[in-house]
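Report on the structure given below.
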Amino acid sequence: MTGLVDTHAHLMDAAFDADRNAVVERATHAGVTAMLLVGYDMASSRAAVELARGVPWPHASVGIHPNSAAEHSAAEFEALAELARAPEVIAIGETGLDYYRHHTSPGRQREALDWHLELAEELTLPVIVHNRLADADIAAAAVGHPAGVLHCFSSTDPAYLERMLSLGYSVSFAGPLTFKNAADLRDMAALVPLERLLVETDCPYLAPVPHRGQRNEPGFVRYTARALADVVGLEFEALVERLWANSLRVFPALARVPQEVA
């Protein structure tokens, strides 16, 4: 079985409370066959695991976003470490560094990132990394740890991309890849080896063209994949097969899909 994988969705967000089942059905009709629900604080991580137990084919990732790191106690981080052992959890994060907003000091963000990287190593799981204006510090933190995914990639520094690729990271692109003013981002996507490419929605945020400005949803990952196919010069179906193989390499448990969805 092959199909599109939304490697970063917040389907547990309240934005989907009114029509979550319909959103999943639309994603299925759009060719999405696997989805990773990504937590960004303690509450959303719990919700991601719970939803992954009740929806046909999502899996979960648990983590505390750098903007929220200062709000969480040591006990909550330990509770997250226990939650990470749930069978639905196939990745750690989202974690990372965000120097655009200043909800948490850079030092505390780095402590939290290191904690997530160590937990991922302990559990032999990939890590999902958020980066905003923190290329150098992300690259420094990643050294010596197992790799994962650079989520919603936005850097325009080829040296940073090369460094993270050398550390084993895969690179995931979201809706901004489709934006008219994103030529620099598409140039960066063209530098990524085919076997390291992934796609995501980051829904309900960052809806791609032609839905820019609307609520994003997992089925819209198809538009990002089409834009990526144009960037790398592949037919859409060939890229979908490549992305499926790439997703399974990073998240092997995605292959565990109920028979009725296959």
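Identifiers for the structure tokens are assigned positionally: chains receive A, B, ... in sequence, residues are indexed from 1 per chain, and ligands are indexed from 1 in the order shown.
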I want to know what sits within 10 Å of Thr28 in chain A, based on only C-alpha atoms, with residues of the same chain fewer than 4 positions away left out; could you give that as number ranges by chain?
A: 3-4, 22-24, 32-34, 57, 218-219, 261
Residues from last step as file, all heavy atoms, as a compact mmCIF listing (two decimals), in the first residue's frame:
```
# COMPACT_ATOMS: atom_id res chain seq x y z
N GLY A 3 0.49 5.76 -0.34
CA GLY A 3 -0.45 6.87 -0.24
C GLY A 3 0.25 8.05 0.38
O GLY A 3 1.42 7.98 0.76
N LEU A 4 -0.45 9.14 0.47
CA LEU A 4 0.10 10.34 1.08
C LEU A 4 0.14 10.20 2.59
O LEU A 4 -0.74 9.59 3.20
CB LEU A 4 -0.76 11.55 0.70
CG LEU A 4 -0.64 12.03 -0.74
CD1 LEU A 4 -1.80 12.94 -1.09
CD2 LEU A 4 0.69 12.75 -0.94
N ALA A 22 -15.58 14.10 9.56
CA ALA A 22 -15.69 14.49 8.15
C ALA A 22 -14.32 14.87 7.59
O ALA A 22 -14.02 14.59 6.43
CB ALA A 22 -16.67 15.65 8.00
N VAL A 23 -13.49 15.51 8.42
CA VAL A 23 -12.13 15.87 7.99
C VAL A 23 -11.33 14.61 7.68
O VAL A 23 -10.61 14.55 6.67
CB VAL A 23 -11.44 16.72 9.08
CG1 VAL A 23 -9.94 16.86 8.80
CG2 VAL A 23 -12.09 18.10 9.17
N VAL A 24 -11.44 13.60 8.53
CA VAL A 24 -10.73 12.35 8.29
C VAL A 24 -11.24 11.68 7.01
O VAL A 24 -10.44 11.17 6.20
CB VAL A 24 -10.89 11.40 9.49
CG1 VAL A 24 -10.32 10.02 9.18
CG2 VAL A 24 -10.20 11.98 10.72
N VAL A 32 -4.86 10.30 1.46
CA VAL A 32 -4.03 10.21 2.66
C VAL A 32 -4.27 8.85 3.31
O VAL A 32 -5.40 8.48 3.61
CB VAL A 32 -4.37 11.34 3.65
CG1 VAL A 32 -3.55 11.19 4.94
CG2 VAL A 32 -4.11 12.70 3.02
N THR A 33 -3.19 8.10 3.54
CA THR A 33 -3.32 6.77 4.12
C THR A 33 -2.63 6.63 5.47
O THR A 33 -2.68 5.57 6.08
CB THR A 33 -2.75 5.70 3.16
OG1 THR A 33 -1.41 6.05 2.83
CG2 THR A 33 -3.58 5.62 1.90
N ALA A 34 -1.98 7.70 5.93
CA ALA A 34 -1.38 7.69 7.27
C ALA A 34 -1.21 9.13 7.73
O ALA A 34 -1.09 10.05 6.91
CB ALA A 34 -0.04 6.97 7.27
N TRP A 57 -6.48 5.58 11.33
CA TRP A 57 -5.08 5.37 10.99
C TRP A 57 -4.09 6.41 11.45
O TRP A 57 -2.95 6.39 11.02
CB TRP A 57 -4.91 5.15 9.49
CG TRP A 57 -5.88 5.86 8.61
CD1 TRP A 57 -6.94 5.28 7.98
CD2 TRP A 57 -5.91 7.23 8.23
NE1 TRP A 57 -7.61 6.22 7.23
CE2 TRP A 57 -7.01 7.42 7.36
CE3 TRP A 57 -5.10 8.34 8.52
CZ2 TRP A 57 -7.34 8.65 6.80
CZ3 TRP A 57 -5.43 9.56 7.97
CH2 TRP A 57 -6.52 9.70 7.12
N PRO A 218 -5.84 17.74 6.93
CA PRO A 218 -4.90 16.75 6.38
C PRO A 218 -5.03 16.49 4.89
O PRO A 218 -4.03 16.27 4.20
CB PRO A 218 -5.20 15.50 7.21
CG PRO A 218 -5.65 16.04 8.53
CD PRO A 218 -6.46 17.26 8.19
N GLY A 219 -6.25 16.50 4.35
CA GLY A 219 -6.41 16.25 2.93
C GLY A 219 -5.71 17.26 2.04
O GLY A 219 -5.39 16.96 0.88
N VAL A 261 -8.65 0.08 5.97
CA VAL A 261 -8.17 1.32 5.39
C VAL A 261 -7.19 1.07 4.26
O VAL A 261 -6.99 1.89 3.39
CB VAL A 261 -7.50 2.20 6.49
CG1 VAL A 261 -7.03 3.51 5.91
CG2 VAL A 261 -8.48 2.44 7.62
```
What parts of range 68-176 of chain A does DSSP call strand (DSSP E)? I'd like the answer as a ChimeraX atom specification.
/A:89-98,127-132,148-150,170-173
So which residues touch range 232-248 of chain A within 10 Å, counting only C-alpha atoms, skipping near sequence neighbours fewer than 2 positions away, as an NGL selection string?
:A and (1-7 or 31 or 33-34 or 170 or 186-187 or 189-199 or 222 or 225-230 or 250-255)
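What separates CA of Arg108 in chain A from CA of Ala70 in chain A is a distance of 6.8 Å.
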Within 9 Å of Asn216 in chain A, counting only C-alpha atoms, which residues qualify if same-chain residues fewer than 5 places away don't, as a VMD selection string?
chain A and resid 175 201 to 208 211 221
Can you write out the residues you just picked, keeping N, CA, C and O atoms, as a PDB file, in the first residue's frame?
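Okay, out_35.pdb is ready:
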```pdb
ATOM      1  N   GLY A 175       2.444  23.882   3.726  1.00  0.00           N
ATOM      2  CA  GLY A 175       1.742  24.764   2.817  1.00  0.00           C
ATOM      3  C   GLY A 175       2.534  25.930   2.259  1.00  0.00           C
ATOM      4  O   GLY A 175       2.331  26.307   1.091  1.00  0.00           O
ATOM      5  N   THR A 201       0.932  19.012   6.795  1.00  0.00           N
ATOM      6  CA  THR A 201       0.046  20.169   6.761  1.00  0.00           C
ATOM      7  C   THR A 201       0.316  21.158   7.887  1.00  0.00           C
ATOM      8  O   THR A 201       0.169  22.357   7.706  1.00  0.00           O
ATOM      9  N   ASP A 202       0.682  20.679   9.082  1.00  0.00           N
ATOM     10  CA  ASP A 202       0.712  21.509  10.296  1.00  0.00           C
ATOM     11  C   ASP A 202      -0.684  22.069  10.561  1.00  0.00           C
ATOM     12  O   ASP A 202      -0.837  23.138  11.138  1.00  0.00           O
ATOM     13  N   CYS A 203      -1.709  21.326  10.118  1.00  0.00           N
ATOM     14  CA  CYS A 203      -3.080  21.801  10.281  1.00  0.00           C
ATOM     15  C   CYS A 203      -3.438  21.934  11.765  1.00  0.00           C
ATOM     16  O   CYS A 203      -2.905  21.188  12.594  1.00  0.00           O
ATOM     17  N   PRO A 204      -4.249  22.926  12.109  1.00  0.00           N
ATOM     18  CA  PRO A 204      -5.103  23.748  11.241  1.00  0.00           C
ATOM     19  C   PRO A 204      -4.429  24.998  10.666  1.00  0.00           C
ATOM     20  O   PRO A 204      -5.109  25.893  10.150  1.00  0.00           O
ATOM     21  N   TYR A 205      -3.109  25.066  10.767  1.00  0.00           N
ATOM     22  CA  TYR A 205      -2.375  26.252  10.319  1.00  0.00           C
ATOM     23  C   TYR A 205      -1.825  26.073   8.901  1.00  0.00           C
ATOM     24  O   TYR A 205      -1.720  24.971   8.396  1.00  0.00           O
ATOM     25  N   LEU A 206      -1.424  27.179   8.282  1.00  0.00           N
ATOM     26  CA  LEU A 206      -0.607  27.196   7.063  1.00  0.00           C
ATOM     27  C   LEU A 206      -1.233  26.445   5.894  1.00  0.00           C
ATOM     28  O   LEU A 206      -0.570  25.670   5.202  1.00  0.00           O
ATOM     29  N   ALA A 207      -2.491  26.686   5.647  1.00  0.00           N
ATOM     30  CA  ALA A 207      -3.151  26.023   4.518  1.00  0.00           C
ATOM     31  C   ALA A 207      -2.469  26.390   3.203  1.00  0.00           C
ATOM     32  O   ALA A 207      -2.112  27.547   2.974  1.00  0.00           O
ATOM     33  N   PRO A 208      -2.280  25.420   2.326  1.00  0.00           N
ATOM     34  CA  PRO A 208      -1.629  25.684   1.032  1.00  0.00           C
ATOM     35  C   PRO A 208      -2.581  26.368   0.058  1.00  0.00           C
ATOM     36  O   PRO A 208      -3.803  26.347   0.233  1.00  0.00           O
ATOM     37  N   HIS A 211      -6.121  27.035  -0.772  1.00  0.00           N
ATOM     38  CA  HIS A 211      -6.907  27.244   0.443  1.00  0.00           C
ATOM     39  C   HIS A 211      -6.212  28.190   1.419  1.00  0.00           C
ATOM     40  O   HIS A 211      -6.589  28.247   2.585  1.00  0.00           O
ATOM     41  N   VAL A 221      -2.760  18.175   2.234  1.00  0.00           N
ATOM     42  CA  VAL A 221      -1.354  17.843   2.017  1.00  0.00           C
ATOM     43  C   VAL A 221      -1.098  17.501   0.551  1.00  0.00           C
ATOM     44  O   VAL A 221       0.034  17.607   0.054  1.00  0.00           O
TER      45      VAL A 221
END
```
Check which residues of range 53-112 of chain A sit at most 7 Å from range 128-150 of chain A using only C-alpha atoms, and return one row each with the closest pair of atoms and their distance in Å to one decimal, ordered by chain and rising number, as CSV.
```
residue,atom,partner,partner_atom,distance
A:Ile92,CA,A:Ile128,CA,6.1
A:Gly93,CA,A:Ile128,CA,4.8
A:Glu94,CA,A:Ile128,CA,5.0
A:Thr95,CA,A:Val129,CA,5.2
A:Gly96,CA,A:His130,CA,4.6
A:Leu97,CA,A:Asn131,CA,5.2
A:Asp98,CA,A:Arg132,CA,4.6
A:Tyr99,CA,A:Leu133,CA,5.5
A:Tyr100,CA,A:Arg132,CA,6.2
```
Just the selected residues (N, CA and C atoms), exported as a PDB file, in the first residue's frame, please.
```pdb
ATOM      1  N   ILE A  92       8.958  11.707  19.022  1.00  0.00           N
ATOM      2  CA  ILE A  92       9.033  12.665  20.117  1.00  0.00           C
ATOM      3  C   ILE A  92       9.045  14.072  19.533  1.00  0.00           C
ATOM      4  N   GLY A  93       8.199  14.941  20.065  1.00  0.00           N
ATOM      5  CA  GLY A  93       8.111  16.320  19.625  1.00  0.00           C
ATOM      6  C   GLY A  93       6.661  16.679  19.318  1.00  0.00           C
ATOM      7  N   GLU A  94       6.334  17.963  19.138  1.00  0.00           N
ATOM      8  CA  GLU A  94       7.380  18.764  18.555  1.00  0.00           C
ATOM      9  C   GLU A  94       8.147  19.501  19.636  1.00  0.00           C
ATOM     10  N   THR A  95       9.445  19.578  19.380  1.00  0.00           N
ATOM     11  CA  THR A  95      10.364  20.302  20.227  1.00  0.00           C
ATOM     12  C   THR A  95      11.147  21.228  19.310  1.00  0.00           C
ATOM     13  N   GLY A  96      12.176  21.868  19.840  1.00  0.00           N
ATOM     14  CA  GLY A  96      12.994  22.713  18.984  1.00  0.00           C
ATOM     15  C   GLY A  96      13.317  24.046  19.613  1.00  0.00           C
ATOM     16  N   LEU A  97      13.545  25.038  18.778  1.00  0.00           N
ATOM     17  CA  LEU A  97      13.896  26.389  19.220  1.00  0.00           C
ATOM     18  C   LEU A  97      13.120  27.396  18.378  1.00  0.00           C
ATOM     19  N   ASP A  98      12.608  28.421  19.051  1.00  0.00           N
ATOM     20  CA  ASP A  98      11.853  29.476  18.369  1.00  0.00           C
ATOM     21  C   ASP A  98      12.324  30.825  18.897  1.00  0.00           C
ATOM     22  N   TYR A  99      13.148  31.497  18.106  1.00  0.00           N
ATOM     23  CA  TYR A  99      13.679  32.786  18.520  1.00  0.00           C
ATOM     24  C   TYR A  99      12.887  33.959  17.936  1.00  0.00           C
ATOM     25  N   TYR A 100      11.776  33.653  17.290  1.00  0.00           N
ATOM     26  CA  TYR A 100      10.901  34.701  16.766  1.00  0.00           C
ATOM     27  C   TYR A 100      10.010  35.240  17.873  1.00  0.00           C
TER      28      TYR A 100
END
```
Looking at A:Ala174, A:Ala9, A:Val127, A:Ala81, which one is nearest to His59 in chain A, with distances taken over only C-alpha atoms?
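Ranking A:Ala174, A:Ala9, A:Val127, A:Ala81 by distance to His59 in chain A, first place goes to A:Ala9.
In terms of minimum interatomic distance to Glu200 in chain A, A:Leu36 ranks closest within A:Met164, A:Leu36, A:Phe16, A:Val231, counting only C-alpha atoms.
For the pair CA of Leu80 in chain A and CA of Arg46 in chain A, the interatomic distance is 8.5 Å.
Using only C-alpha atoms for every distance, the candidate list A:Ala69, A:Leu83, A:Ile90, A:Ala47 yields A:Ala69 as the residue closest to Trp115 in chain A.
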Grab the CA of Ala75 in chain A to CA of Ala91 in chain A distance for me, in Å with one decimal place.
20.5 Å
For the helix (DSSP H, G or I) assignment from backbone DSSP, which residues of range 35-234 of chain A qualify? Please present them as a count of residues only.
93
